[in-house]
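J.: Below is final_0.cif; it holds mmCIF, C-alpha atoms.
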```cif
data_upload
loop_
_atom_site.group_PDB
_atom_site.id
_atom_site.type_symbol
_atom_site.label_atom_id
_atom_site.label_comp_id
_atom_site.auth_asym_id
_atom_site.auth_seq_id
_atom_site.Cartn_x
_atom_site.Cartn_y
_atom_site.Cartn_z
ATOM 1 C CA MET A 1 -21.389 17.328 -17.045
ATOM 2 C CA ASN A 2 -22.536 20.709 -18.289
ATOM 3 C CA GLU A 3 -20.379 23.629 -19.471
ATOM 4 C CA THR A 4 -19.844 24.883 -15.929
ATOM 5 C CA GLY A 5 -18.122 21.655 -14.998
ATOM 6 C CA ARG A 6 -20.912 20.583 -12.668
ATOM 7 C CA PRO A 7 -23.018 17.413 -13.050
ATOM 8 C CA GLN A 8 -26.348 17.569 -14.762
ATOM 9 C CA ASP A 9 -29.123 18.740 -12.457
ATOM 10 C CA PHE A 10 -31.438 15.779 -12.947
ATOM 11 C CA SER A 11 -30.562 12.496 -11.302
ATOM 12 C CA MET A 12 -30.762 9.023 -12.816
ATOM 13 C CA THR A 13 -33.325 7.232 -10.669
ATOM 14 C CA ASN A 14 -34.462 4.155 -12.598
ATOM 15 C CA PRO A 15 -32.260 1.137 -11.764
ATOM 16 C CA ARG A 16 -33.828 -0.804 -14.637
ATOM 17 C CA ALA A 17 -33.014 1.779 -17.304
ATOM 18 C CA ASP A 18 -31.109 0.551 -20.362
ATOM 19 C CA ARG A 19 -28.093 2.752 -19.605
ATOM 20 C CA VAL A 20 -27.882 1.407 -16.086
ATOM 21 C CA ARG A 21 -28.012 -2.163 -17.328
ATOM 22 C CA ASP A 22 -25.408 -1.367 -19.971
ATOM 23 C CA VAL A 23 -22.968 -0.114 -17.339
ATOM 24 C CA ALA A 24 -23.728 -3.034 -15.026
ATOM 25 C CA LYS A 25 -22.730 -5.492 -17.765
ATOM 26 C CA LEU A 26 -19.125 -4.350 -17.358
ATOM 27 C CA ALA A 27 -19.016 -6.413 -14.175
ATOM 28 C CA GLY A 28 -18.835 -9.385 -16.544
ATOM 29 C CA ARG A 29 -15.762 -10.326 -18.551
ATOM 30 C CA PRO A 30 -17.471 -10.700 -21.976
ATOM 31 C CA ALA A 31 -18.740 -7.109 -21.938
ATOM 32 C CA ARG A 32 -15.379 -5.816 -20.728
ATOM 33 C CA LEU A 33 -13.486 -7.560 -23.507
ATOM 34 C CA LYS A 34 -15.964 -6.421 -26.144
ATOM 35 C CA ARG A 35 -15.820 -2.770 -25.112
ATOM 36 C CA GLY A 36 -12.298 -2.517 -23.714
ATOM 37 C CA ARG A 37 -13.701 -0.850 -20.598
ATOM 38 C CA PHE A 38 -14.146 -1.692 -16.932
ATOM 39 C CA LEU A 39 -15.669 -0.308 -13.745
ATOM 40 C CA ALA A 40 -13.901 1.532 -10.944
ATOM 41 C CA GLU A 41 -16.020 1.704 -7.796
ATOM 42 C CA GLY A 42 -15.671 3.887 -4.709
ATOM 43 C CA PRO A 43 -14.044 7.284 -4.038
ATOM 44 C CA GLN A 44 -10.454 6.021 -3.802
ATOM 45 C CA ALA A 45 -10.430 4.111 -7.078
ATOM 46 C CA VAL A 46 -12.364 6.809 -8.939
ATOM 47 C CA ARG A 47 -10.119 9.565 -7.560
ATOM 48 C CA GLU A 48 -7.000 7.778 -8.851
ATOM 49 C CA ALA A 49 -8.665 7.047 -12.186
ATOM 50 C CA LEU A 50 -9.634 10.704 -12.622
ATOM 51 C CA SER A 51 -6.163 11.900 -11.626
ATOM 52 C CA LEU A 52 -4.598 9.674 -14.274
ATOM 53 C CA HIS A 53 -7.205 10.809 -16.783
ATOM 54 C CA ARG A 54 -6.395 14.465 -16.090
ATOM 55 C CA ASP A 55 -2.640 13.917 -16.439
ATOM 56 C CA ARG A 56 -2.896 11.879 -19.623
ATOM 57 C CA THR A 57 -5.343 14.110 -21.425
ATOM 58 C CA ALA A 58 -3.358 17.206 -20.431
ATOM 59 C CA ALA A 59 -0.362 15.610 -22.140
ATOM 60 C CA GLY A 60 -2.430 14.852 -25.239
ATOM 61 C CA GLY A 61 -2.986 11.196 -24.400
ATOM 62 C CA ALA A 62 -6.073 9.037 -24.617
ATOM 63 C CA ALA A 63 -8.924 9.310 -22.143
ATOM 64 C CA VAL A 64 -8.891 7.009 -19.120
ATOM 65 C CA VAL A 65 -12.347 7.811 -17.715
ATOM 66 C CA HIS A 66 -15.395 8.148 -19.953
ATOM 67 C CA GLU A 67 -18.317 8.380 -17.550
ATOM 68 C CA VAL A 68 -18.765 8.972 -13.834
ATOM 69 C CA PHE A 69 -21.981 8.256 -11.945
ATOM 70 C CA ALA A 70 -22.201 9.656 -8.435
ATOM 71 C CA SER A 71 -24.728 10.333 -5.723
ATOM 72 C CA GLU A 72 -25.367 13.880 -4.625
ATOM 73 C CA ALA A 73 -24.302 12.956 -1.090
ATOM 74 C CA CYS A 74 -20.946 11.634 -2.331
ATOM 75 C CA LEU A 75 -20.181 14.810 -4.286
ATOM 76 C CA GLU A 76 -21.185 16.984 -1.348
ATOM 77 C CA ARG A 77 -18.897 14.997 0.927
ATOM 78 C CA LEU A 78 -16.030 14.885 -1.594
ATOM 79 C CA PRO A 79 -16.372 17.943 -3.856
ATOM 80 C CA GLU A 80 -12.878 17.421 -5.272
ATOM 81 C CA LEU A 81 -14.210 14.453 -7.229
ATOM 82 C CA ALA A 82 -16.497 16.717 -9.251
ATOM 83 C CA ASP A 83 -13.551 19.012 -9.944
ATOM 84 C CA LEU A 84 -11.393 16.092 -11.077
ATOM 85 C CA ALA A 85 -14.224 14.852 -13.289
ATOM 86 C CA GLN A 86 -14.195 17.959 -15.476
ATOM 87 C CA GLY A 87 -13.804 16.828 -19.064
ATOM 88 C CA THR A 88 -15.707 13.599 -18.477
ATOM 89 C CA GLN A 89 -19.429 12.917 -18.473
ATOM 90 C CA LEU A 90 -20.484 13.233 -14.834
ATOM 91 C CA ARG A 91 -24.030 12.165 -13.999
ATOM 92 C CA LEU A 92 -25.934 12.273 -10.743
ATOM 93 C CA ALA A 93 -27.454 8.924 -9.814
ATOM 94 C CA SER A 94 -29.603 7.645 -7.009
ATOM 95 C CA ASP A 95 -28.327 5.065 -4.553
ATOM 96 C CA GLU A 96 -30.594 2.493 -6.189
ATOM 97 C CA VAL A 97 -29.060 3.159 -9.597
ATOM 98 C CA LEU A 98 -25.526 2.957 -8.223
ATOM 99 C CA ALA A 99 -26.366 -0.316 -6.488
ATOM 100 C CA ALA A 100 -27.620 -1.705 -9.794
ATOM 101 C CA MET A 101 -24.445 -0.614 -11.596
ATOM 102 C CA ALA A 102 -21.899 -1.650 -8.996
ATOM 103 C CA ASP A 103 -20.615 -5.111 -8.191
ATOM 104 C CA THR A 104 -20.633 -4.510 -4.426
ATOM 105 C CA VAL A 105 -23.601 -5.033 -2.121
ATOM 106 C CA ASN A 106 -23.098 -1.603 -0.548
ATOM 107 C CA PRO A 107 -21.675 0.776 -3.200
ATOM 108 C CA GLN A 108 -19.744 3.812 -2.005
ATOM 109 C CA GLY A 109 -21.615 6.464 -3.946
ATOM 110 C CA ILE A 110 -19.559 6.684 -7.124
ATOM 111 C CA VAL A 111 -18.758 4.523 -10.159
ATOM 112 C CA ALA A 112 -16.572 5.303 -13.177
ATOM 113 C CA VAL A 113 -16.370 3.670 -16.597
ATOM 114 C CA CYS A 114 -12.691 3.435 -17.556
ATOM 115 C CA SER A 115 -10.654 2.294 -20.543
ATOM 116 C CA PHE A 116 -8.377 -0.719 -20.282
ATOM 117 C CA LEU A 117 -4.933 0.321 -19.074
ATOM 118 C CA ASP A 118 -2.647 -2.620 -19.834
ATOM 119 C CA VAL A 119 0.472 -2.089 -21.910
ATOM 120 C CA SER A 120 2.837 -4.286 -23.900
ATOM 121 C CA LEU A 121 5.723 -6.194 -22.360
ATOM 122 C CA GLU A 122 8.153 -4.458 -24.706
ATOM 123 C CA SER A 123 7.072 -1.005 -23.527
ATOM 124 C CA VAL A 124 7.851 -2.025 -19.959
ATOM 125 C CA LEU A 125 11.219 -3.571 -20.774
ATOM 126 C CA ASP A 126 12.220 -0.630 -22.977
ATOM 127 C CA ALA A 127 11.935 1.599 -19.877
ATOM 128 C CA SER A 128 14.816 -0.252 -18.132
ATOM 129 C CA PRO A 129 12.804 -1.500 -15.148
ATOM 130 C CA ARG A 130 14.486 -2.231 -11.828
ATOM 131 C CA LEU A 131 11.688 -4.165 -10.154
ATOM 132 C CA ILE A 132 8.886 -6.238 -11.715
ATOM 133 C CA ALA A 133 6.227 -8.297 -9.944
ATOM 134 C CA VAL A 134 5.103 -11.304 -11.970
ATOM 135 C CA MET A 135 1.943 -13.224 -11.086
ATOM 136 C CA CYS A 136 2.015 -16.756 -12.505
ATOM 137 C CA GLN A 137 -1.437 -18.305 -12.794
ATOM 138 C CA VAL A 138 -2.785 -16.284 -9.878
ATOM 139 C CA ARG A 139 -6.520 -16.956 -10.012
ATOM 140 C CA ASP A 140 -8.082 -15.100 -7.089
ATOM 141 C CA PRO A 141 -9.024 -11.483 -7.920
ATOM 142 C CA GLY A 142 -8.525 -10.328 -4.332
ATOM 143 C CA ASN A 143 -5.030 -11.785 -4.219
ATOM 144 C CA ALA A 144 -4.129 -10.310 -7.590
ATOM 145 C CA GLY A 145 -5.268 -6.876 -6.487
ATOM 146 C CA THR A 146 -3.344 -7.160 -3.228
ATOM 147 C CA VAL A 147 -0.105 -8.088 -5.017
ATOM 148 C CA LEU A 148 -0.537 -5.203 -7.438
ATOM 149 C CA ARG A 149 -1.110 -2.831 -4.532
ATOM 150 C CA ALA A 150 2.006 -4.159 -2.773
ATOM 151 C CA ALA A 151 4.034 -3.695 -5.951
ATOM 152 C CA ASP A 152 2.853 -0.099 -6.193
ATOM 153 C CA ALA A 153 3.722 0.580 -2.553
ATOM 154 C CA ALA A 154 7.190 -0.922 -3.018
ATOM 155 C CA GLY A 155 7.847 1.299 -6.019
ATOM 156 C CA ALA A 156 7.886 -1.504 -8.585
ATOM 157 C CA ASP A 157 8.129 -0.451 -12.208
ATOM 158 C CA ALA A 158 5.503 -2.853 -13.520
ATOM 159 C CA VAL A 159 3.245 -5.803 -12.774
ATOM 160 C CA VAL A 160 2.931 -8.738 -15.171
ATOM 161 C CA LEU A 161 0.175 -11.360 -15.143
ATOM 162 C CA THR A 162 0.936 -14.511 -17.087
ATOM 163 C CA GLU A 163 -1.453 -16.591 -19.137
ATOM 164 C CA SER A 164 -4.231 -18.264 -17.135
ATOM 165 C CA SER A 165 -4.124 -15.563 -14.468
ATOM 166 C CA VAL A 166 -7.229 -13.737 -13.283
ATOM 167 C CA ASP A 167 -8.643 -10.790 -15.214
ATOM 168 C CA ILE A 168 -7.217 -7.771 -13.391
ATOM 169 C CA TYR A 169 -10.280 -5.768 -14.522
ATOM 170 C CA ASN A 170 -12.557 -8.028 -12.485
ATOM 171 C CA PRO A 171 -14.425 -5.656 -10.122
ATOM 172 C CA LYS A 172 -13.081 -7.412 -7.023
ATOM 173 C CA ALA A 173 -9.531 -7.208 -8.345
ATOM 174 C CA VAL A 174 -9.928 -3.506 -9.141
ATOM 175 C CA ARG A 175 -11.257 -2.815 -5.641
ATOM 176 C CA SER A 176 -8.435 -4.797 -4.068
ATOM 177 C CA THR A 177 -5.835 -2.608 -5.765
ATOM 178 C CA ALA A 178 -7.237 0.415 -3.845
ATOM 179 C CA GLY A 179 -6.434 2.672 -6.794
ATOM 180 C CA SER A 180 -2.964 1.256 -7.471
ATOM 181 C CA LEU A 181 -4.152 -0.115 -10.818
ATOM 182 C CA PHE A 182 -3.945 3.487 -12.045
ATOM 183 C CA HIS A 183 -0.380 4.037 -10.809
ATOM 184 C CA LEU A 184 1.922 1.610 -12.615
ATOM 185 C CA PRO A 185 2.088 -0.284 -15.914
ATOM 186 C CA VAL A 186 0.337 -3.658 -16.066
ATOM 187 C CA VAL A 187 1.051 -6.327 -18.679
ATOM 188 C CA LEU A 188 -1.458 -9.130 -19.272
ATOM 189 C CA GLY A 189 -1.392 -12.618 -20.780
ATOM 190 C CA VAL A 190 2.367 -13.038 -21.083
ATOM 191 C CA GLU A 191 4.040 -16.420 -21.512
ATOM 192 C CA VAL A 192 6.374 -16.748 -18.546
ATOM 193 C CA GLU A 193 9.057 -18.358 -20.723
ATOM 194 C CA GLU A 194 9.049 -15.331 -23.019
ATOM 195 C CA LEU A 195 9.246 -12.950 -20.074
ATOM 196 C CA VAL A 196 12.182 -14.754 -18.470
ATOM 197 C CA ALA A 197 14.051 -14.957 -21.767
ATOM 198 C CA ARG A 198 13.662 -11.215 -22.349
ATOM 199 C CA CYS A 199 14.698 -10.435 -18.774
ATOM 200 C CA ARG A 200 17.872 -12.471 -19.199
ATOM 201 C CA GLU A 201 18.703 -10.632 -22.413
ATOM 202 C CA LEU A 202 18.465 -7.354 -20.515
ATOM 203 C CA GLY A 203 20.369 -8.458 -17.421
ATOM 204 C CA ILE A 204 17.308 -8.584 -15.167
ATOM 205 C CA GLY A 205 17.576 -11.330 -12.560
ATOM 206 C CA VAL A 206 14.658 -13.685 -12.020
ATOM 207 C CA LEU A 207 13.766 -14.844 -8.506
ATOM 208 C CA ALA A 208 11.040 -17.307 -7.604
ATOM 209 C CA ALA A 209 9.269 -16.825 -4.282
ATOM 210 C CA ASP A 210 9.181 -20.374 -2.946
ATOM 211 C CA GLY A 211 8.615 -21.496 0.623
ATOM 212 C CA TYR A 212 10.921 -24.459 -0.010
ATOM 213 C CA GLY A 213 13.668 -22.421 -1.643
ATOM 214 C CA THR A 214 17.261 -22.895 -0.523
ATOM 215 C CA VAL A 215 18.128 -19.190 -0.699
ATOM 216 C CA ASN A 216 17.141 -17.235 2.424
ATOM 217 C CA LEU A 217 15.698 -13.768 1.828
ATOM 218 C CA ASP A 218 16.942 -12.434 5.158
ATOM 219 C CA LYS A 219 20.466 -13.555 4.283
ATOM 220 C CA LEU A 220 20.320 -11.764 0.942
ATOM 221 C CA GLN A 221 19.215 -8.578 2.697
ATOM 222 C CA ASP A 222 21.993 -8.860 5.297
ATOM 223 C CA GLU A 223 24.580 -9.270 2.560
ATOM 224 C CA ASN A 224 23.225 -6.257 0.714
ATOM 225 C CA ALA A 225 23.351 -4.175 3.907
ATOM 226 C CA ALA A 226 26.983 -5.151 4.441
ATOM 227 C CA ARG A 227 27.881 -4.030 0.922
ATOM 228 C CA ARG A 228 26.098 -0.713 1.449
ATOM 229 C CA LEU A 229 28.302 -0.166 4.493
ATOM 230 C CA GLY A 230 31.373 -0.576 2.318
ATOM 231 C CA ASN A 231 32.200 -4.252 2.799
ATOM 232 C CA ASP A 232 32.674 -5.158 -0.855
ATOM 233 C CA THR A 233 34.180 -8.528 0.016
ATOM 234 C CA VAL A 234 30.804 -9.984 1.071
ATOM 235 C CA ALA A 235 29.855 -12.756 -1.312
ATOM 236 C CA SER A 236 26.234 -13.392 -2.134
ATOM 237 C CA GLU A 237 24.195 -15.959 -4.017
ATOM 238 C CA TYR A 238 22.267 -13.073 -5.551
ATOM 239 C CA ALA A 239 22.768 -9.297 -5.511
ATOM 240 C CA LEU A 240 19.353 -8.176 -4.318
ATOM 241 C CA GLU A 241 20.110 -4.595 -5.311
ATOM 242 C CA GLY A 242 20.194 -5.536 -8.996
ATOM 243 C CA PRO A 243 17.283 -5.321 -11.450
ATOM 244 C CA THR A 244 14.898 -8.121 -10.511
ATOM 245 C CA ALA A 245 11.715 -9.806 -11.647
ATOM 246 C CA TRP A 246 9.974 -11.724 -8.849
ATOM 247 C CA LEU A 247 7.794 -14.709 -9.775
ATOM 248 C CA PHE A 248 4.791 -15.322 -7.502
ATOM 249 C CA GLY A 249 2.720 -18.456 -7.924
ATOM 250 C CA ASN A 250 -0.813 -19.728 -7.718
ATOM 251 C CA GLU A 251 -2.481 -19.446 -4.304
ATOM 252 C CA ALA A 252 -3.031 -23.186 -3.854
ATOM 253 C CA GLN A 253 -0.139 -24.832 -5.708
ATOM 254 C CA GLY A 254 2.458 -22.078 -5.767
ATOM 255 C CA LEU A 255 4.824 -21.981 -8.726
ATOM 256 C CA SER A 256 4.915 -25.059 -10.936
ATOM 257 C CA ASP A 257 8.104 -27.072 -11.373
ATOM 258 C CA ALA A 258 8.484 -25.606 -14.855
ATOM 259 C CA GLU A 259 8.122 -22.050 -13.533
ATOM 260 C CA LEU A 260 10.568 -22.699 -10.700
ATOM 261 C CA ALA A 261 13.099 -24.068 -13.164
ATOM 262 C CA LEU A 262 13.062 -20.795 -15.090
ATOM 263 C CA ALA A 263 14.261 -18.738 -12.109
ATOM 264 C CA ASP A 264 17.869 -17.943 -11.248
ATOM 265 C CA HIS A 265 17.136 -18.767 -7.609
ATOM 266 C CA ARG A 266 14.302 -20.068 -5.463
ATOM 267 C CA VAL A 267 14.032 -17.701 -2.506
ATOM 268 C CA ALA A 268 12.280 -18.489 0.762
ATOM 269 C CA VAL A 269 10.919 -15.950 3.233
ATOM 270 C CA PRO A 270 11.929 -17.411 6.631
ATOM 271 C CA VAL A 271 9.086 -18.235 9.007
ATOM 272 C CA TYR A 272 10.126 -17.857 12.647
ATOM 273 C CA GLY A 273 6.822 -18.720 14.276
ATOM 274 C CA ALA A 274 4.473 -21.670 14.086
ATOM 275 C CA ALA A 275 2.689 -20.660 10.851
ATOM 276 C CA GLU A 276 3.086 -23.176 8.065
ATOM 277 C CA SER A 277 3.609 -20.484 5.447
ATOM 278 C CA LEU A 278 2.732 -16.963 4.349
ATOM 279 C CA ASN A 279 -0.185 -16.212 2.065
ATOM 280 C CA LEU A 280 0.467 -14.887 -1.420
ATOM 281 C CA GLY A 281 -0.130 -11.214 -0.676
ATOM 282 C CA THR A 282 2.080 -11.191 2.413
ATOM 283 C CA ALA A 283 4.908 -13.111 0.781
ATOM 284 C CA ALA A 284 4.840 -10.843 -2.266
ATOM 285 C CA THR A 285 4.936 -7.748 -0.071
ATOM 286 C CA VAL A 286 7.946 -8.989 1.900
ATOM 287 C CA CYS A 287 9.868 -9.959 -1.241
ATOM 288 C CA LEU A 288 9.135 -6.760 -3.144
ATOM 289 C CA TYR A 289 10.044 -4.551 -0.197
ATOM 290 C CA ALA A 290 13.291 -6.460 0.287
ATOM 291 C CA SER A 291 14.267 -5.684 -3.300
ATOM 292 C CA ALA A 292 13.049 -2.104 -3.109
ATOM 293 C CA ARG A 293 14.999 -1.345 0.044
ATOM 294 C CA SER A 294 18.134 -2.989 -1.313
ATOM 295 C CA GLN A 295 17.869 -1.132 -4.612
ATOM 296 C CA GLN A 296 17.266 2.261 -3.077
ATOM 297 C CA GLY A 297 19.615 1.932 -0.141
ATOM 298 C CA VAL A 298 17.066 3.711 2.046
ATOM 299 C CA ARG A 299 13.847 2.832 3.792
ATOM 300 C CA VAL A 300 10.998 2.581 1.255
ATOM 301 C CA GLY A 301 7.936 4.702 1.743
ATOM 302 C CA ASN A 302 9.343 7.575 3.833
ATOM 303 C CA ALA A 303 8.138 10.246 1.455
#
```
Could I get this file's structure written as structure tokens?
T.:
Amino acid sequence: MNETGRPQDFSMTNPRADRVRDVAKLAGRPARLKRGRFLAEGPQAVREALSLHRDRTAAGGAAVVHEVFASEACLERLPELADLAQGTQLRLASDEVLAAMADTVNPQGIVAVCSFLDVSLESVLDASPRLIAVMCQVRDPGNAGTVLRAADAAGADAVVLTESSVDIYNPKAVRSTAGSLFHLPVVLGVEVEELVARCRELGIGVLAADGYGTVNLDKLQDENAARRLGNDTVASEYALEGPTAWLFGNEAQGLSDAELALADHRVAVPVYGAAESLNLGTAATVCLYASARSQQGVRVGNA
């Protein structure tokens, strides 16, 4: 970007140029780990990345976005992206160049190179979280991104991915978050035993989402609603309004026996129809919203 805040006049047009290939390598995990950077693709993800970049740098923090490559048509259609990109290196690029950089077959006209965003477990716990989504050995990038997006929508304070989980900076995972990756703290590579132990020290309950669990999520919500209406005599197996970390398991096997044993309760989302079970993203959304609504005492998402 030049001094006027507008992208350079000449467009990158060679999809085989060294710089293009260098950016494209970030679709692979080895290059991401080596550089500590990843790709955000599409207007929604790049908009959220640039918004976070603006807020952090204005507060004296580290840069989030280092380079933005966009087509002229994209910037004409969404001029606010060029405004948000002030302070970063914004380059015009042809559709062929963007296709070579991006992981998608049909790129959406803009790609950003971003710094890793994950934080330490201690920084999350020091902030007295009320709601944490924990992915235990979740391997599918689309599922991981969907759970992170659901956690963001439910107002969770953080998302944790345990060891052996997917790389959240995988391009498909980043796309699946629809920009939510830039909204809430993410912790990577945590041992679930360590997490549960620290939660217990801080009085954070641990619930395992388990289709075979003996605790019924609807029942917990009904009991919470009764207490909100002033019926303090209602007993409950678990106070859903309390600080909670939800454990969500692998797509195929669910939570392991060892992971289930760590939880205070195994909670089932009741299935009233003929479906055998809910998929990971749906189950996580239902569980997180149940906690969010109970904690807030009002309907979530009515901003």
J.: Please build the interface table for range 80-126 of chain A against range 22-46 of chain A with a cut-off of 10 Å, listing for each qualifying residue the nearest atom pair and the distance in Å to one decimal; count only C-alpha atoms, order rows by chain and increasing number, and write it as CSV.
T.:
```
residue,atom,partner,partner_atom,distance
A:Leu81,CA,A:Pro43,CA,7.8
A:Leu84,CA,A:Val46,CA,9.6
A:Ala85,CA,A:Val46,CA,9.3
A:Val97,CA,A:Ala24,CA,9.8
A:Leu98,CA,A:Ala24,CA,9.2
A:Ala99,CA,A:Ala24,CA,9.3
A:Ala100,CA,A:Ala24,CA,6.7
A:Met101,CA,A:Ala24,CA,4.3
A:Ala102,CA,A:Ala24,CA,6.5
A:Asp103,CA,A:Ala27,CA,6.3
A:Thr104,CA,A:Glu41,CA,8.4
A:Pro107,CA,A:Gly42,CA,6.9
A:Gln108,CA,A:Gly42,CA,4.9
A:Gly109,CA,A:Gly42,CA,6.5
A:Ile110,CA,A:Gly42,CA,5.4
A:Val111,CA,A:Glu41,CA,4.6
A:Ala112,CA,A:Ala40,CA,5.1
A:Val113,CA,A:Leu39,CA,4.9
A:Cys114,CA,A:Arg37,CA,5.4
A:Ser115,CA,A:Arg37,CA,4.4
A:Phe116,CA,A:Arg37,CA,5.3
A:Leu117,CA,A:Arg37,CA,9.0
```
J.: Write out as a PyMOL selection string the residues lying within 6 Å of range 241-246 of chain A, counting all atoms listed in the file and excluding same-chain residues fewer than 2 positions away.
T.: chain A and resi 130-134+204-208+239+294-295
J.: To test your reading of the syntax: which residues would the PyMOL selection byres ((chain A and resi 285-289) around 9) return for the file shown? Reply as a PyMOL selection string.
T.: chain A and resi 131-133+146-147+149-151+153-156+209+217+246+267+269+280-284+290-294+300
J.: State, in Å with one decimal place, the distance from CA of Val64 in chain A to CA of Ser164 in chain A.
T.: 25.8 Å
J.: Evaluating the PyMOL selection byres ((chain A and resi 163) around 9) on the displayed file yields which residues, as a PyMOL selection string?
T.: chain A and resi 136-137+161-162+164-166+188-192
J.: As an exercise, work out the distance from CA of Ala63 in chain A to CA of Leu195 in chain A in Å and give it to one decimal place.
T.: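 Pair CA of Ala63 in chain A / CA of Leu195 in chain A returns 28.8 Å.
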J.: Quick one: of A:Asp95, A:Glu276, A:Asp55, A:Asp18, who's nearest to Phe182 in chain A, counting all atoms listed in the file?
T.: A:Asp55
J.: At what distance in Å, to one decimal, does CA of Arg56 in chain A lie from CA of Asp157 in chain A?
T.: 18.1 Å
J.: What does the PyMOL selection byres ((chain A and resi 262) around 9) select in this file, as a list in words?
T.: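 Those residues are Val192, Glu193, Val196, Ala197, Val206, Leu207, Ala208, Asp257, Ala258, Glu259, Leu260, Ala261, Ala263, Asp264 and His265 of chain A.
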J.: Considering only C-alpha atoms, return as a PyMOL selection string whatever protein or nucleic-acid residues lie within 10 Å of Ala235 in chain A, sequence-local ones (same chain, fewer than 6 positions apart) excluded.
T.: chain A and resi 220+223-224+226-227
J.: Write the residues of the preceding selection, restricted to C-alpha atoms, as a PDB file, in the frame of the given file.
T.:
```pdb
ATOM      1  CA  LEU A 220      20.320 -11.764   0.942  1.00  0.00           C
ATOM      2  CA  GLU A 223      24.580  -9.270   2.560  1.00  0.00           C
ATOM      3  CA  ASN A 224      23.225  -6.257   0.714  1.00  0.00           C
ATOM      4  CA  ALA A 226      26.983  -5.151   4.441  1.00  0.00           C
ATOM      5  CA  ARG A 227      27.881  -4.030   0.922  1.00  0.00           C
TER       6      ARG A 227
END
```
J.: When you count all atoms listed in the file, which of these residues is closest to Arg19 in chain A: A:Met135, A:Pro185, A:Phe69, A:Asp118?
T.: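 Among the listed residues, A:Phe69 lies closest to Arg19 in chain A.
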J.: Could you pull the residues within 9 Å of Leu125 in chain A, counting all atoms listed in the file, minus those fewer than 5 positions along the same chain, as a list of chain:residue names?
T.: A:Ser120, A:Arg198, A:Cys199, A:Leu202
J.: Of the candidates A:Ala17, A:Met12, A:Val187, A:Leu121, which one gets nearest to Leu90 in chain A if we count only C-alpha atoms?
T.: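 For Leu90 in chain A, the nearest of the given residues is A:Met12.
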J.: Give the padded box for range 132-150 of chain A as lines of an AutoDock Vina configuration file: axis-aligned, covering all atoms listed in the file, 3 Å on each side, centre and edge lengths in Å to one decimal.
T.:
```
center_x = -0.1
center_y = -10.6
center_z = -7.8
size_x = 23.9
size_y = 21.5
size_z = 16.0
```
J.: Here is a test: counting only C-alpha atoms, which residue of A:Pro15, A:Thr177, A:Asp152, A:Asp218 is nearest to Tyr272 in chain A?
T.: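 So, comparing all the options, the nearest one is A:Asp218.
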J.: Given only C-alpha atoms as the basis, pick out the residue of A:Tyr238, A:Gly60, A:Gly211, A:Asp232 nearest to Gly254 in chain A.
T.: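 Ranking A:Tyr238, A:Gly60, A:Gly211, A:Asp232 by distance to Gly254 in chain A, first place goes to A:Gly211.
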J.: When distances are computed from only C-alpha atoms, which of A:Gln86, A:Gln221, A:Thr214, A:Asn250 shows the smallest separation from Pro141 in chain A?
T.: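 Of A:Gln86, A:Gln221, A:Thr214, A:Asn250, the one nearest Pro141 in chain A is A:Asn250, counting only C-alpha atoms.
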